[in-house]
Every structure is written in structure tokens, then in C-alpha cells.
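J.: The structure under discussion is supplied below as C-alpha cells; questions concerning it will follow.
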Amino acid sequence: MREHARVVIIGGGIMGCGLLYHLAQEGWTDSLLIEKGELTSGITWHAAGQCPSFIADYNMAKIHHHGNTLYPKLEEMTGQYVSWHGCGGLRFAMNEAELDYFKKVEGTSKLIGFRMQVIGPDEIKSVYPHVDTTGVLAAAWTLDDGHVDPAGCCNALAKGARDMGAEIERRNRVLDVKQLPSGEWQVVTEKGTVTCEHVVNAGGCYARKINQWVGSDVPITNMKHHYLVTEAIQEFIDSDTEMPVIRDPWASSYYRQEQKSGLIGIYETEGAQEAWAERGGYPEWDSENELFTDELDRISPWIEKVLERMEIWGESGIKRIVHGAIPHTPDANPLLGPTGGLKNFWQCCGSSIGIAQGAGCGKYLAQWMVHGESEINMAGLDPRRFGRWADEDYVRARSIEDYEHMYILHLPGEERPAGRGKRESSLYDALKQAGGLYTTASGWERVKYYSPDGRDEEAGFRHNNAFDAVGAECRHVMEKVAVADLSSFAKFEVSGPDAPVLLDRVFANRMPKKVGGIALAHMLNADGMIEGEATVTRLAEDRYYVLSAAAAEVRDMDWLTQHIEPGETVTVENVSNAWGNLVLAGPKSRDVLSQITDADLSNEGFRWLTAQEITVAGVSVRALRVNYIGELGWELHCPMDGMPTVYAALMEAGKAHDIGHFGTYAVNAMRMEKAYRGWGSELTNEITAIEADIERFVKLDKDFLGKAATQQRKQDGPHGKIVYLELEKGDNESVGGEAITIEDGTVIGLTTSGGYGHRTGKSLAFAYVKPDYAAPGTEMTAWLLGAPRKATVLADPVYDSANEKLRA
């Protein structure tokens, strides 16, 4: 076995082989995959092999689509059988909410390019006459998906990778992974040690074991899953046409044709079981091809429902039962990207439908590894979206919930109970008592809105009982004064003699020169793509307070610490849990705050975009005169245990001004009116500052990471351009990922986020479009839930474009 490689991939299933293939395509042929058994011997060999197109998330749809376009031609390309069955798929909608979702997915299909139609029961029968459609409202008919032989497909990817020069070492157990002082990695195996620049964990069910060698873990729970194959079905013997793969929420099952037999896969909606729970949730390292004894009694209620749908299977016996393990993550997305706190240790695991996703995951992770970014937004796939708060109890509870809800639509506004309460601010109980309804972000419980009548949100895709409540909150902020708990921000203290040098290097904007100065700044990679956004406050000559998005906490910590150069003296401390943040906003905010502090809050004494350390109700507070909603106000940052005191004092002082509360729904509505871009939606690794139109925060007269690439993109011109849109009003709002078309139906872009501006009465959205369509006044069509909505490009924010209220 070789002693050196650029990349070592541990694991020879569909995820590892998919990555090896695409790394080789990107030119990294000096890559070695090590498999302890035979290729596919962990999970891949016993998978059912479904490859669906049906998915609403734009980035995940890209991943699925890549596999569904590669697999049909992979056999011819490699000479290795794949056994692609392009039979299409039908997914049933049982209610109006699911039908709304289908219309959203249909919009995604316009962007991605897969064929999809929403059809009624009669049309379902014309596509496949043998299925009972009782209770079915409609179906999503995806014509370009199908299924493969999992082992054949995986081996074809492996052969393609070898043909391009990559190497595979089978029957060789990895025993340990160590990082050298140089930053390189040593992968210790039964056949010797390999030194490499990058290590990838593609261990499938064994992924936790691999990560534990390097003192880390991954948020994966391996779940037991059954599928069974019937004896031959006469109707299949007599037909030359293969039935589509059917996905049925009523039966919580998928079912299809397997040769001349039927195949039924069950996702229990209750009583689902973790695999190897007694061993810590993963198999022994020396095991392979591991299956469990079948538990037909446990899954029989769902089998019976499938047989009600498919009467032609009713008299057929069972030929084969497969009861194996599949990994699930807490949010159903795979883990693709770096490991928090470790450089060049990558994850390519955690996919519960790995056959469908293996090729696409490999493609986009390979792009990230080779080029520093991917052509899709990786934020929702980055393993660092989970922090230490995602402990074993959380991961198990959420992953089991994900398994049991495989075919149960998660509606917007629906709050599921598993894994809740991991991160709470010190105001949790007080705000709940005030009527706050909580959602979660990066483990934090945070109020989405305040229920005026005590009812929970009526979850769905259209305006609901939250709409008027959020409107009232926005108007209360605009007319009076209100508070919000935004303690979920990621918060860092950067200090030391070289702190100014580090921050000036990693941020494209100039750092504040004066103590108390605030800068909005962006982190770019070497190619000029946007890695993050932060508010940077200078607390002292050598100490800064850096605030960023909750979901970016671990990755921003990595970005800051991994760009400290040898010899620099600088410390980065994550204080996200230690500090709370109360936002006080509205025209009466100065009147309220002045009653409980001796600080001079006048414009002369406390200018906009500055910060001061002041005392509020006896508590030391970092007061930042800045906010995300466009009103006079302050962010009041203080130690978490002092926040109840500050909150109580604000509420008491605000009684005379009818002080109120607002939640994150209102924050989003008001930031849309101010045309503030959001990290992870408008600001992503796919685009540069030029496309995002944030050049005013990029200072090309100083040096920073990504400067040369930014200058080049500015010279060459943007590939796309962000636009700020006013939409024709309707009963729902843009949520991002919707197609934008022109009059002849040509797709010219997609939305990234949206919301209803209650202060202005306008439906608003951001989108990226082809540059020729970015001029103010340009009209286009946004497709929301399958319906066309006229959209017009705006030149300026619809609310207080001169920032007079912020400066008041």
C-alpha cells in the first residue's frame, strides 16, 4: 500500500465512492479510498436503491438531480453494470397542505430541470391502474427518477474513479487517525500508514467511530429499516411496462416493482428503533454485511396499508426480507464539509437516502475540497451547523423523529417536540409567560412571535393566525417601542496584540479605528466567495466583539482561528452562551432606556453605529446603537445572568410608553423592508460581493483574503445579480428557492428569501437573476406555490431608505 496521498477516504460505500469519482474528475487523482471489507459492504449493499427527484430544497434538489442524470449513463461510461430503471415516481398528497407543497416542488423542478407534473386521481390511474387512490387528493409525478442496483452503481463509480487514476485499497481496516504537527494526517491501517493532506470520513454507519479517533463526533443515529420483496406478481409477468416508484404518506411506505416481484419499504410512524443501541449506536468495527432479524409484527400495520393500495399483491407471499441500518441526522440532511475545530478533516456521511445522494454529495464536496467552495450553497449541509449543544440525547431524539416523519410533511410554523430546550436564554420563562411562541435556531429556543390569544401557530404555507399578530408587532415597533431577545447570535471576543491584524486580514471591510466603532464586514475566501458576515465592535485597542448568525457559530469560529498565522498573538473566545442580547427598538426607545441608565443617549453623546459600555439597572452592558430592523434603538449585550434584571427594568420603565415585544418573524419582515441581506440566503459561498451588491463593505484599498479574486470579478462583471423585488400581493409569501421567469417562460433566476412588510404593506423578496434583468423597474414573474406573481425590481429599500429613523 502507498505511503502518501493527497486525500484518504475512509469507507467504500456509495458516499465514499461518489466522492472518489468526483475528486478524480476535478483532477485530484492522487486520492486513496480505504475500505475495511468489500466495497458496499456496510450499508450500500442492502439499500433499496431509490433515486427520487421530488424535493423542494434547491440545493438538495441539485444533489438528487446530478445522480439522476449521471446514473442512466454511468454503465456505458464505465462498463460496470448499474441497472438503471427510469420508471419515474408518484408521491401522493392526502390534504391541501401537501398539495401546496407539491406546487412548491414543481417550482423547484423549473429551476433544476427535472420533469414533474401534479396530477389528479384519474390521471394517477392512467399512469398506473393497479393502485387504489382512495383518499388521494393528487400526486406528484416525477418522470426522470427511478432506481438502481446499489452495489452495481457504487462499483461503477469506483471503476470510473480508478479509470481516472484514483486508487482503492480493499480488505484493509483503518486502526487510527492522527494529526501531525505539520497539519498533515496519518491514517494508520492494518497494511501500513498513509500520510495525507486531507482525510474524509465516509464511514456510513461507522462514521461516529471514525470521528472519535480524532476526538470528535458526528450527529448521526443509525436506524433499523425494513423492506421486503414479494414472490412474483402475475401482472408484472404479463406487462412490459414497469410501475413507477410510489411514495405513500398514508402507508408511510414506498413500494415499487423489483424484477417481477413487488418491493415494500416501511418507515414506522411510531416505535421506530435505533440500531445497535446497546453498543452506543454503531456496529463493531470488524463487522460487515450486518443485518438484523426481521420484526414483521412491528411493521405489519403499515404493510397492511400497502396491500390495501396494491390489491394485486394481496395473495403473494414474501420471498425476501431485508432489515438493515440507515443513518439519520437530526435535520434529514447529510453531513458534507469540514469538521469543527479540525483542518482538512472532512465529513461525507449521514445520508439516509445515500444511493440517491451519493453522486451529488460527491460532486459538490469535491468542488469544495478542490476549489474552496461549491457551486451550491453548502450551509445546510455543513456538519458545523451542529455544535456541542447537539449532544447524544438530542441527536437520538431528533433523528428518530426524522425517521418516523419520512413521509409526514413538516409544515412551515410546525414545532416538533424532540430535542427541544437545548439552549435557552435566561428570559425563556418570562417571554413564554408574555405569550411568546418558540421555534429553534442552532439549538437555541427563540420567540418567533407573541400569540395574542394563546393559540399555537396554525402551520401551513399560506397566511395564518400569525400574520396579523406579526403585523401588530411590527407596527408597535414603528409607532412605539418593543423588545426582542436575540441571544441566539454567535458571539466571539477576539483579543491580543495581533487581533487588529487578524481581523483586518479576514474581513473585506476596514475594521473600526476608534474604540466604540462598529463595522459590518464580510469574510471572503481566496476566490472572493462569501464565507460569512459579522458585526465587529472595537471594545479596546486590542479587543473586539464579533457577532454573526446563529447557524454560523462553529464555522465562523473555525474561520477566525484557522486564519491566525504562526507567530501571531491573538485569542478567539466563543462567548455565545455566556452573553445575552436584548434589542430595544422604536421611536420611544431612547425615552425608555434613559430612565434606567446615566449614559448620554443623545445623538451627540451616542452616535449611530457606535458602541459604549454602559450601566443599565446596575448591570454592565455593551450597548450597540445598531439593529437589523431599521428603527431607532440599541442592542443591549450583557452577561446572561444579568439579562433578567435589564429586561425587568426596561419593561417597568416602558410602561408609560406602552412597551411591547416582538419576535423573529417580525425581525424578518422588517429587515426585508430595509433590504438587508441575510447570511445563508443572499450571502452564500456561491457568490461574490459583486453579485451580492455589497461593494460598499469591500475596501479594495487595503489587503484582505479574497481581494484579488474580487477585483477580477469586478473587472469581468458579475455572473448574476441580486435584485430586490416587490411582488403582487397574495395569501402567501416568498420563502426562497422559487423560480423567476420572464414573459416567454424562460427561467432567469430564483428567489433567496422573502416576507411581507407590515409597516409598508408590501410583499417583498430577494432574488438572483441574470444581470440583464437587474435594472430597477424591470418586471418578471415569481412562481409561489405554483402560481405566477408579478414582480418588479426596486431601486431602494421600501422603508426609510435614507436611514433617518436609525439616526434619529
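Residues in the C-alpha cells are named by chain (A, B, ... in the order shown) and by number from 1 within that chain; ligands are numbered from 1 in the order shown.
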Return as JSON lines the residues of segment 321-367 of chain A lying at most 10 Å from segment 22-29 of chain A, together with the closest atom-to-atom pair for each and the distance in Å to one decimal, counting only C-alpha atoms, with rows in chain order and ascending residue number.

T.:
```
{"residue": "A:Ala359", "atom": "CA", "partner": "A:His22", "partner_atom": "CA", "distance": 8.0}
{"residue": "A:Gly360", "atom": "CA", "partner": "A:His22", "partner_atom": "CA", "distance": 9.1}
{"residue": "A:Cys361", "atom": "CA", "partner": "A:His22", "partner_atom": "CA", "distance": 9.4}
{"residue": "A:Gly362", "atom": "CA", "partner": "A:His22", "partner_atom": "CA", "distance": 5.9}
{"residue": "A:Lys363", "atom": "CA", "partner": "A:His22", "partner_atom": "CA", "distance": 5.2}
{"residue": "A:Tyr364", "atom": "CA", "partner": "A:His22", "partner_atom": "CA", "distance": 8.4}
{"residue": "A:Leu365", "atom": "CA", "partner": "A:His22", "partner_atom": "CA", "distance": 8.6}
{"residue": "A:Ala366", "atom": "CA", "partner": "A:Leu23", "partner_atom": "CA", "distance": 5.1}
{"residue": "A:Gln367", "atom": "CA", "partner": "A:Glu26", "partner_atom": "CA", "distance": 7.3}
```

J.: Using only C-alpha atoms, determine which residues lie at most 6 Å from Ile530 of chain A, disregarding the query and same-chain residues fewer than 4 positions distant; provide the list as a list of chain:residue names.

T.: A:Leu524, A:Thr684, A:Asn685, A:Thr688

J.: Can you write just those residues out, N, CA and C atoms, as a PDB file, in the first residue's frame?

T.:
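Saved the output as again_24.pdb:
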```pdb
ATOM      1  N   LEU A 524     -14.442  36.598   3.121  1.00  0.00           N
ATOM      2  CA  LEU A 524     -14.377  36.040   1.773  1.00  0.00           C
ATOM      3  C   LEU A 524     -13.282  34.982   1.726  1.00  0.00           C
ATOM      4  N   THR A 684     -23.892  33.805   0.394  1.00  0.00           N
ATOM      5  CA  THR A 684     -23.521  32.399   0.459  1.00  0.00           C
ATOM      6  C   THR A 684     -22.196  32.166  -0.243  1.00  0.00           C
ATOM      7  N   ASN A 685     -21.711  30.937  -0.106  1.00  0.00           N
ATOM      8  CA  ASN A 685     -20.444  30.547  -0.731  1.00  0.00           C
ATOM      9  C   ASN A 685     -20.528  30.464  -2.254  1.00  0.00           C
ATOM     10  N   THR A 688     -20.070  36.192  -5.019  1.00  0.00           N
ATOM     11  CA  THR A 688     -19.090  37.163  -4.532  1.00  0.00           C
ATOM     12  C   THR A 688     -19.811  38.432  -4.087  1.00  0.00           C
TER      13      THR A 688
END
```

J.: Write out as a PyMOL selection string each polymer residue whose atoms come within 7 Å of segment 349-354 of chain A, counting only C-alpha atoms; drop sequence neighbours fewer than 5 positions from it.

T.: chain A and resi 14-15+201-204+207+220+326-329+333-336

J.: Would you export the selected residues with C-alpha atoms as a CSV table (one decimal), in the first residue's frame, please?

T.:
```csv
chain,number,residue,atom,x,y,z
A,14,ILE,CA,-21.8,4.9,-2.2
A,15,MET,CA,-20.8,8.2,-0.5
A,201,ASN,CA,-15.0,10.3,6.9
A,202,ALA,CA,-17.3,8.3,4.6
A,203,GLY,CA,-17.9,5.6,7.1
A,204,GLY,CA,-21.7,5.3,6.8
A,207,ALA,CA,-19.0,7.3,11.0
A,220,ILE,CA,-25.9,10.5,13.4
A,326,ILE,CA,-29.5,3.5,7.7
A,327,PRO,CA,-28.1,6.7,9.2
A,328,HIS,CA,-30.3,9.7,10.0
A,329,THR,CA,-29.3,13.2,11.1
A,333,ASN,CA,-29.7,16.5,5.5
A,334,PRO,CA,-26.3,14.7,5.0
A,335,LEU,CA,-23.1,15.9,6.6
A,336,LEU,CA,-20.9,17.4,3.9
```

J.: How close does each residue of segment 663-712 of chain A get to segment 427-437 of chain A, giving the shortest atom pair and distance in Å to one decimal for every residue with an atom at most 12 Å away, counting only C-alpha atoms, sorted by chain and residue number, as a Markdown table?

T.:
```
| residue | atom | partner | partner_atom | distance |
| --- | --- | --- | --- | --- |
| A:Gly663 | CA | A:Gly436 | CA | 7.9 |
| A:Thr664 | CA | A:Leu437 | CA | 10.4 |
| A:Tyr665 | CA | A:Leu437 | CA | 10.8 |
```

J.: Excluding same-chain residues fewer than 3 positions from Ala775 of chain A, what lies within 10 Å of it counting only C-alpha atoms, as an mmCIF file with C-alpha atoms, in the first residue's frame?

T.:
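Output contents, as saved in part03.cif:
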```
data_model
loop_
_atom_site.group_PDB
_atom_site.id
_atom_site.type_symbol
_atom_site.label_atom_id
_atom_site.label_comp_id
_atom_site.auth_asym_id
_atom_site.auth_seq_id
_atom_site.Cartn_x
_atom_site.Cartn_y
_atom_site.Cartn_z
ATOM 1 C CA LYS A 721 -27.053 39.965 -9.826
ATOM 2 C CA VAL A 723 -32.433 42.145 -7.089
ATOM 3 C CA PRO A 771 -27.523 40.647 -14.994
ATOM 4 C CA ASP A 772 -29.552 41.884 -17.968
ATOM 5 C CA THR A 778 -37.765 45.503 -14.674
ATOM 6 C CA GLU A 779 -40.796 43.243 -14.451
ATOM 7 C CA THR A 792 -40.883 44.407 -10.051
ATOM 8 C CA VAL A 793 -37.250 45.286 -9.343
ATOM 9 C CA LEU A 794 -36.921 48.082 -6.774
ATOM 10 C CA ALA A 795 -34.115 50.618 -6.601
#
```

J.: Can you list, as a PDB file with N, CA and C atoms, in the first residue's frame, every protein, DNA or RNA residue that comes within 8 Å of Gly16 of chain A when you count only C-alpha atoms, leaving out same-chain residues fewer than 2 positions away?

T.:
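Output file selection.pdb follows:
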```pdb
ATOM      1  N   ILE A   9      -9.857   8.649   1.781  1.00  0.00           N
ATOM      2  CA  ILE A   9     -11.280   8.499   2.098  1.00  0.00           C
ATOM      3  C   ILE A   9     -11.448   7.190   2.851  1.00  0.00           C
ATOM      4  N   ILE A  10     -12.069   7.245   4.015  1.00  0.00           N
ATOM      5  CA  ILE A  10     -12.304   6.037   4.808  1.00  0.00           C
ATOM      6  C   ILE A  10     -13.751   5.616   4.596  1.00  0.00           C
ATOM      7  N   GLY A  11     -13.937   4.518   3.880  1.00  0.00           N
ATOM      8  CA  GLY A  11     -15.275   3.991   3.637  1.00  0.00           C
ATOM      9  C   GLY A  11     -15.557   3.826   2.163  1.00  0.00           C
ATOM     10  N   GLY A  12     -15.943   2.601   1.770  1.00  0.00           N
ATOM     11  CA  GLY A  12     -16.156   2.289   0.363  1.00  0.00           C
ATOM     12  C   GLY A  12     -17.598   2.027   0.011  1.00  0.00           C
ATOM     13  N   GLY A  13     -18.507   2.811   0.566  1.00  0.00           N
ATOM     14  CA  GLY A  13     -19.900   2.752   0.149  1.00  0.00           C
ATOM     15  C   GLY A  13     -20.175   3.785  -0.924  1.00  0.00           C
ATOM     16  N   ILE A  14     -21.447   4.044  -1.160  1.00  0.00           N
ATOM     17  CA  ILE A  14     -21.827   4.949  -2.249  1.00  0.00           C
ATOM     18  C   ILE A  14     -21.322   6.363  -2.000  1.00  0.00           C
ATOM     19  N   GLY A  18     -18.640   7.830  -4.469  1.00  0.00           N
ATOM     20  CA  GLY A  18     -19.114   9.016  -5.182  1.00  0.00           C
ATOM     21  C   GLY A  18     -18.140  10.169  -5.054  1.00  0.00           C
ATOM     22  N   LEU A  19     -17.551  10.332  -3.875  1.00  0.00           N
ATOM     23  CA  LEU A  19     -16.574  11.399  -3.681  1.00  0.00           C
ATOM     24  C   LEU A  19     -15.284  11.086  -4.434  1.00  0.00           C
ATOM     25  N   LEU A  20     -14.797   9.854  -4.348  1.00  0.00           N
ATOM     26  CA  LEU A  20     -13.561   9.489  -5.041  1.00  0.00           C
ATOM     27  C   LEU A  20     -13.694   9.759  -6.538  1.00  0.00           C
ATOM     28  N   LEU A  33      -8.920   5.561  -1.507  1.00  0.00           N
ATOM     29  CA  LEU A  33     -10.060   5.125  -0.695  1.00  0.00           C
ATOM     30  C   LEU A  33      -9.692   3.816  -0.021  1.00  0.00           C
ATOM     31  N   ALA A 202     -16.131   8.825   5.348  1.00  0.00           N
ATOM     32  CA  ALA A 202     -17.270   8.341   4.561  1.00  0.00           C
ATOM     33  C   ALA A 202     -17.713   6.999   5.119  1.00  0.00           C
ATOM     34  N   GLY A 203     -17.749   6.906   6.443  1.00  0.00           N
ATOM     35  CA  GLY A 203     -17.917   5.635   7.134  1.00  0.00           C
ATOM     36  C   GLY A 203     -19.327   5.127   7.271  1.00  0.00           C
ATOM     37  N   CYS A 348     -18.340  13.101   4.888  1.00  0.00           N
ATOM     38  CA  CYS A 348     -19.156  12.747   3.727  1.00  0.00           C
ATOM     39  C   CYS A 348     -20.014  11.564   4.155  1.00  0.00           C
ATOM     40  N   GLY A 358     -25.535   9.949  -3.264  1.00  0.00           N
ATOM     41  CA  GLY A 358     -24.108   9.679  -3.250  1.00  0.00           C
ATOM     42  C   GLY A 358     -23.334  10.425  -4.319  1.00  0.00           C
ATOM     43  N   GLY A 362     -20.923  13.670  -3.607  1.00  0.00           N
ATOM     44  CA  GLY A 362     -19.528  13.594  -4.031  1.00  0.00           C
ATOM     45  C   GLY A 362     -19.126  14.746  -4.922  1.00  0.00           C
TER      46      GLY A 362
END
```

J.: From a DSSP pass on the backbone, collect the residues of segment 162-288 of chain A flagged as helix (DSSP H, G or I) and hand them back as a list in words.

T.: Arg162, Asp163, Gly204, Cys205, Tyr206, Ala207, Arg208, Lys209, Ile210, Asn211, Gln212, Gln234, Glu235, Phe236, Ile237, Asp238, Ala277, Glu278 and Arg279 of chain A

J.: What would the file look like if the residues just selected were written as a PDB file, in the first residue's frame with N, CA and C atoms?

T.:
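Contents of the output file out_24.pdb:
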```
ATOM      1  N   ARG A 162     -11.155   4.707 -10.575  1.00  0.00           N
ATOM      2  CA  ARG A 162      -9.887   4.013 -10.864  1.00  0.00           C
ATOM      3  C   ARG A 162      -9.427   4.276 -12.298  1.00  0.00           C
ATOM      4  N   ASP A 163     -10.383   4.325 -13.211  1.00  0.00           N
ATOM      5  CA  ASP A 163     -10.023   4.586 -14.605  1.00  0.00           C
ATOM      6  C   ASP A 163      -9.383   5.960 -14.781  1.00  0.00           C
ATOM      7  N   GLY A 204     -20.338   5.848   6.753  1.00  0.00           N
ATOM      8  CA  GLY A 204     -21.702   5.342   6.845  1.00  0.00           C
ATOM      9  C   GLY A 204     -22.118   5.086   8.280  1.00  0.00           C
ATOM     10  N   CYS A 205     -22.528   3.859   8.574  1.00  0.00           N
ATOM     11  CA  CYS A 205     -22.953   3.511   9.934  1.00  0.00           C
ATOM     12  C   CYS A 205     -21.802   3.575  10.933  1.00  0.00           C
ATOM     13  N   TYR A 206     -20.575   3.551  10.432  1.00  0.00           N
ATOM     14  CA  TYR A 206     -19.388   3.571  11.299  1.00  0.00           C
ATOM     15  C   TYR A 206     -18.838   4.983  11.486  1.00  0.00           C
ATOM     16  N   ALA A 207     -19.543   5.995  10.999  1.00  0.00           N
ATOM     17  CA  ALA A 207     -18.984   7.345  10.963  1.00  0.00           C
ATOM     18  C   ALA A 207     -18.624   7.874  12.345  1.00  0.00           C
ATOM     19  N   ARG A 208     -19.413   7.536  13.355  1.00  0.00           N
ATOM     20  CA  ARG A 208     -19.114   8.025  14.704  1.00  0.00           C
ATOM     21  C   ARG A 208     -17.796   7.442  15.196  1.00  0.00           C
ATOM     22  N   LYS A 209     -17.582   6.178  14.918  1.00  0.00           N
ATOM     23  CA  LYS A 209     -16.338   5.525  15.336  1.00  0.00           C
ATOM     24  C   LYS A 209     -15.134   6.238  14.736  1.00  0.00           C
ATOM     25  N   ILE A 210     -15.204   6.555  13.462  1.00  0.00           N
ATOM     26  CA  ILE A 210     -14.083   7.209  12.787  1.00  0.00           C
ATOM     27  C   ILE A 210     -13.820   8.578  13.393  1.00  0.00           C
ATOM     28  N   ASN A 211     -14.872   9.340  13.645  1.00  0.00           N
ATOM     29  CA  ASN A 211     -14.684  10.678  14.212  1.00  0.00           C
ATOM     30  C   ASN A 211     -14.125  10.635  15.623  1.00  0.00           C
ATOM     31  N   GLN A 212     -14.478   9.609  16.375  1.00  0.00           N
ATOM     32  CA  GLN A 212     -13.992   9.528  17.749  1.00  0.00           C
ATOM     33  C   GLN A 212     -12.488   9.332  17.819  1.00  0.00           C
ATOM     34  N   GLN A 234     -48.284 -11.758 -10.993  1.00  0.00           N
ATOM     35  CA  GLN A 234     -48.697 -12.115 -12.342  1.00  0.00           C
ATOM     36  C   GLN A 234     -48.810 -10.903 -13.249  1.00  0.00           C
ATOM     37  N   GLU A 235     -49.336  -9.809 -12.727  1.00  0.00           N
ATOM     38  CA  GLU A 235     -49.490  -8.607 -13.544  1.00  0.00           C
ATOM     39  C   GLU A 235     -48.133  -8.073 -14.026  1.00  0.00           C
ATOM     40  N   PHE A 236     -47.090  -8.244 -13.218  1.00  0.00           N
ATOM     41  CA  PHE A 236     -45.755  -7.830 -13.642  1.00  0.00           C
ATOM     42  C   PHE A 236     -45.202  -8.788 -14.707  1.00  0.00           C
ATOM     43  N   ILE A 237     -45.493 -10.056 -14.546  1.00  0.00           N
ATOM     44  CA  ILE A 237     -45.057 -11.046 -15.542  1.00  0.00           C
ATOM     45  C   ILE A 237     -45.683 -10.732 -16.895  1.00  0.00           C
ATOM     46  N   ASP A 238     -46.950 -10.307 -16.880  1.00  0.00           N
ATOM     47  CA  ASP A 238     -47.700 -10.075 -18.118  1.00  0.00           C
ATOM     48  C   ASP A 238     -47.412  -8.724 -18.751  1.00  0.00           C
ATOM     49  N   ALA A 277     -28.267  -0.011  19.646  1.00  0.00           N
ATOM     50  CA  ALA A 277     -28.368   0.913  20.780  1.00  0.00           C
ATOM     51  C   ALA A 277     -27.496   0.444  21.946  1.00  0.00           C
ATOM     52  N   GLU A 278     -27.392  -0.858  22.109  1.00  0.00           N
ATOM     53  CA  GLU A 278     -26.628  -1.396  23.239  1.00  0.00           C
ATOM     54  C   GLU A 278     -25.129  -1.220  23.047  1.00  0.00           C
ATOM     55  N   ARG A 279     -24.700  -0.902  21.804  1.00  0.00           N
ATOM     56  CA  ARG A 279     -23.270  -0.725  21.533  1.00  0.00           C
ATOM     57  C   ARG A 279     -22.888   0.739  21.392  1.00  0.00           C
TER      58      ARG A 279
END
```

J.: Nearest residue to Ala551 of chain A out of A:Gly654, A:Gly720, A:Gly443, A:Gly460, using only C-alpha atoms?

T.: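 Closest to Ala551 of chain A, using only C-alpha atoms: A:Gly443.
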
J.: What are the DSSP strand (DSSP E) residues of segment 579-717 of chain A, as a ChimeraX atom specification?

T.: /A:579-585,611-616,619-624,633-639,660-661

J.: Now that the selection is made, can you save its residues with C-alpha atoms as a PDB file, in the first residue's frame?

T.:
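Final output, out.pdb:
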```pdb
ATOM      1  CA  TRP A 579     -23.775  36.674  26.751  1.00  0.00           C
ATOM      2  CA  GLY A 580     -27.391  37.586  26.107  1.00  0.00           C
ATOM      3  CA  ASN A 581     -28.735  40.208  23.734  1.00  0.00           C
ATOM      4  CA  LEU A 582     -31.860  42.292  24.175  1.00  0.00           C
ATOM      5  CA  VAL A 583     -32.915  44.500  21.281  1.00  0.00           C
ATOM      6  CA  LEU A 584     -34.768  47.674  22.251  1.00  0.00           C
ATOM      7  CA  ALA A 585     -36.247  49.430  19.217  1.00  0.00           C
ATOM      8  CA  ALA A 611     -20.974  51.192  20.950  1.00  0.00           C
ATOM      9  CA  GLN A 612     -20.404  52.006  24.592  1.00  0.00           C
ATOM     10  CA  GLU A 613     -20.061  50.010  27.765  1.00  0.00           C
ATOM     11  CA  ILE A 614     -22.755  51.462  29.999  1.00  0.00           C
ATOM     12  CA  THR A 615     -24.582  50.512  33.176  1.00  0.00           C
ATOM     13  CA  VAL A 616     -28.277  49.644  32.851  1.00  0.00           C
ATOM     14  CA  VAL A 619     -25.785  45.725  35.116  1.00  0.00           C
ATOM     15  CA  SER A 620     -22.746  46.331  32.927  1.00  0.00           C
ATOM     16  CA  VAL A 621     -23.960  46.320  29.323  1.00  0.00           C
ATOM     17  CA  ARG A 622     -22.324  46.538  25.906  1.00  0.00           C
ATOM     18  CA  ALA A 623     -24.776  48.855  24.179  1.00  0.00           C
ATOM     19  CA  LEU A 624     -24.594  48.877  20.369  1.00  0.00           C
ATOM     20  CA  GLY A 633     -32.717  51.507  19.048  1.00  0.00           C
ATOM     21  CA  TRP A 634     -29.965  49.612  20.774  1.00  0.00           C
ATOM     22  CA  GLU A 635     -28.709  46.094  21.105  1.00  0.00           C
ATOM     23  CA  LEU A 636     -28.037  45.548  24.796  1.00  0.00           C
ATOM     24  CA  HIS A 637     -25.480  42.783  25.320  1.00  0.00           C
ATOM     25  CA  CYS A 638     -24.820  41.652  28.868  1.00  0.00           C
ATOM     26  CA  PRO A 639     -23.870  38.523  30.799  1.00  0.00           C
ATOM     27  CA  GLY A 660     -44.304  45.646  23.738  1.00  0.00           C
ATOM     28  CA  HIS A 661     -42.480  42.575  22.420  1.00  0.00           C
TER      29      HIS A 661
END
```

J.: If we count only C-alpha atoms and set the cut-off at 10 Å, which residues sit around segment 566-570 of chain A, ignoring sequence neighbours fewer than 6 positions away in its own chain? Please answer as a list in words.

T.: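 After dropping sequence-adjacent residues, the list is Val494, Ser495, Gly496, Pro497, Asp498, Ala499, Pro500, Val501, Leu502, Asp542 and Arg543 of chain A.
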
J.: How would the residues just chosen look if you wrote them out with C-alpha atoms as a PDB file, in the first residue's frame?

T.:
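Result saved to again_29.pdb:
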```
ATOM      1  CA  VAL A 494     -11.095  38.483  19.686  1.00  0.00           C
ATOM      2  CA  SER A 495      -8.214  39.880  21.701  1.00  0.00           C
ATOM      3  CA  GLY A 496      -4.467  40.221  21.809  1.00  0.00           C
ATOM      4  CA  PRO A 497      -1.805  42.427  20.209  1.00  0.00           C
ATOM      5  CA  ASP A 498      -2.412  40.889  16.761  1.00  0.00           C
ATOM      6  CA  ALA A 499      -6.214  40.945  16.923  1.00  0.00           C
ATOM      7  CA  PRO A 500      -6.420  44.015  14.631  1.00  0.00           C
ATOM      8  CA  VAL A 501      -4.087  42.332  12.143  1.00  0.00           C
ATOM      9  CA  LEU A 502      -6.143  39.108  12.033  1.00  0.00           C
ATOM     10  CA  ASP A 542      -6.658  45.051  21.278  1.00  0.00           C
ATOM     11  CA  ARG A 543     -10.133  43.639  21.957  1.00  0.00           C
TER      12      ARG A 543
END
```

J.: Measure the distance from atom CA of Gly630 of chain A to atom CA of Ala617 of chain A in Å and round it to one decimal.

T.: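 Separating atom CA of Gly630 of chain A from atom CA of Ala617 of chain A is a distance of 25.7 Å.
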
J.: At a cut-off of 10 Å, using only C-alpha atoms, what residues contact Arg505 of chain A? Leave out same-chain residues fewer than 6 positions from it and give the result as a VMD selection string.

T.: chain A and resid 499 511 523 563 to 564 702 to 707

J.: Can I get the selection written as a PDB file, in the first residue's frame, with C-alpha atoms?

T.:
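Listing of out32.pdb after writing:
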```
ATOM      1  CA  ALA A 499      -6.214  40.945  16.923  1.00  0.00           C
ATOM      2  CA  MET A 511     -12.047  47.483  10.951  1.00  0.00           C
ATOM      3  CA  MET A 523     -15.401  37.092   5.276  1.00  0.00           C
ATOM      4  CA  HIS A 563      -6.509  32.093   9.806  1.00  0.00           C
ATOM      5  CA  ILE A 564      -4.237  33.012  12.709  1.00  0.00           C
ATOM      6  CA  LYS A 702      -6.481  47.532   1.704  1.00  0.00           C
ATOM      7  CA  ASP A 703      -5.298  43.917   1.666  1.00  0.00           C
ATOM      8  CA  PHE A 704      -7.660  41.127   2.677  1.00  0.00           C
ATOM      9  CA  LEU A 705      -8.292  37.490   1.870  1.00  0.00           C
ATOM     10  CA  GLY A 706     -10.086  37.310  -1.478  1.00  0.00           C
ATOM     11  CA  LYS A 707      -9.097  40.770  -2.693  1.00  0.00           C
TER      12      LYS A 707
END
```
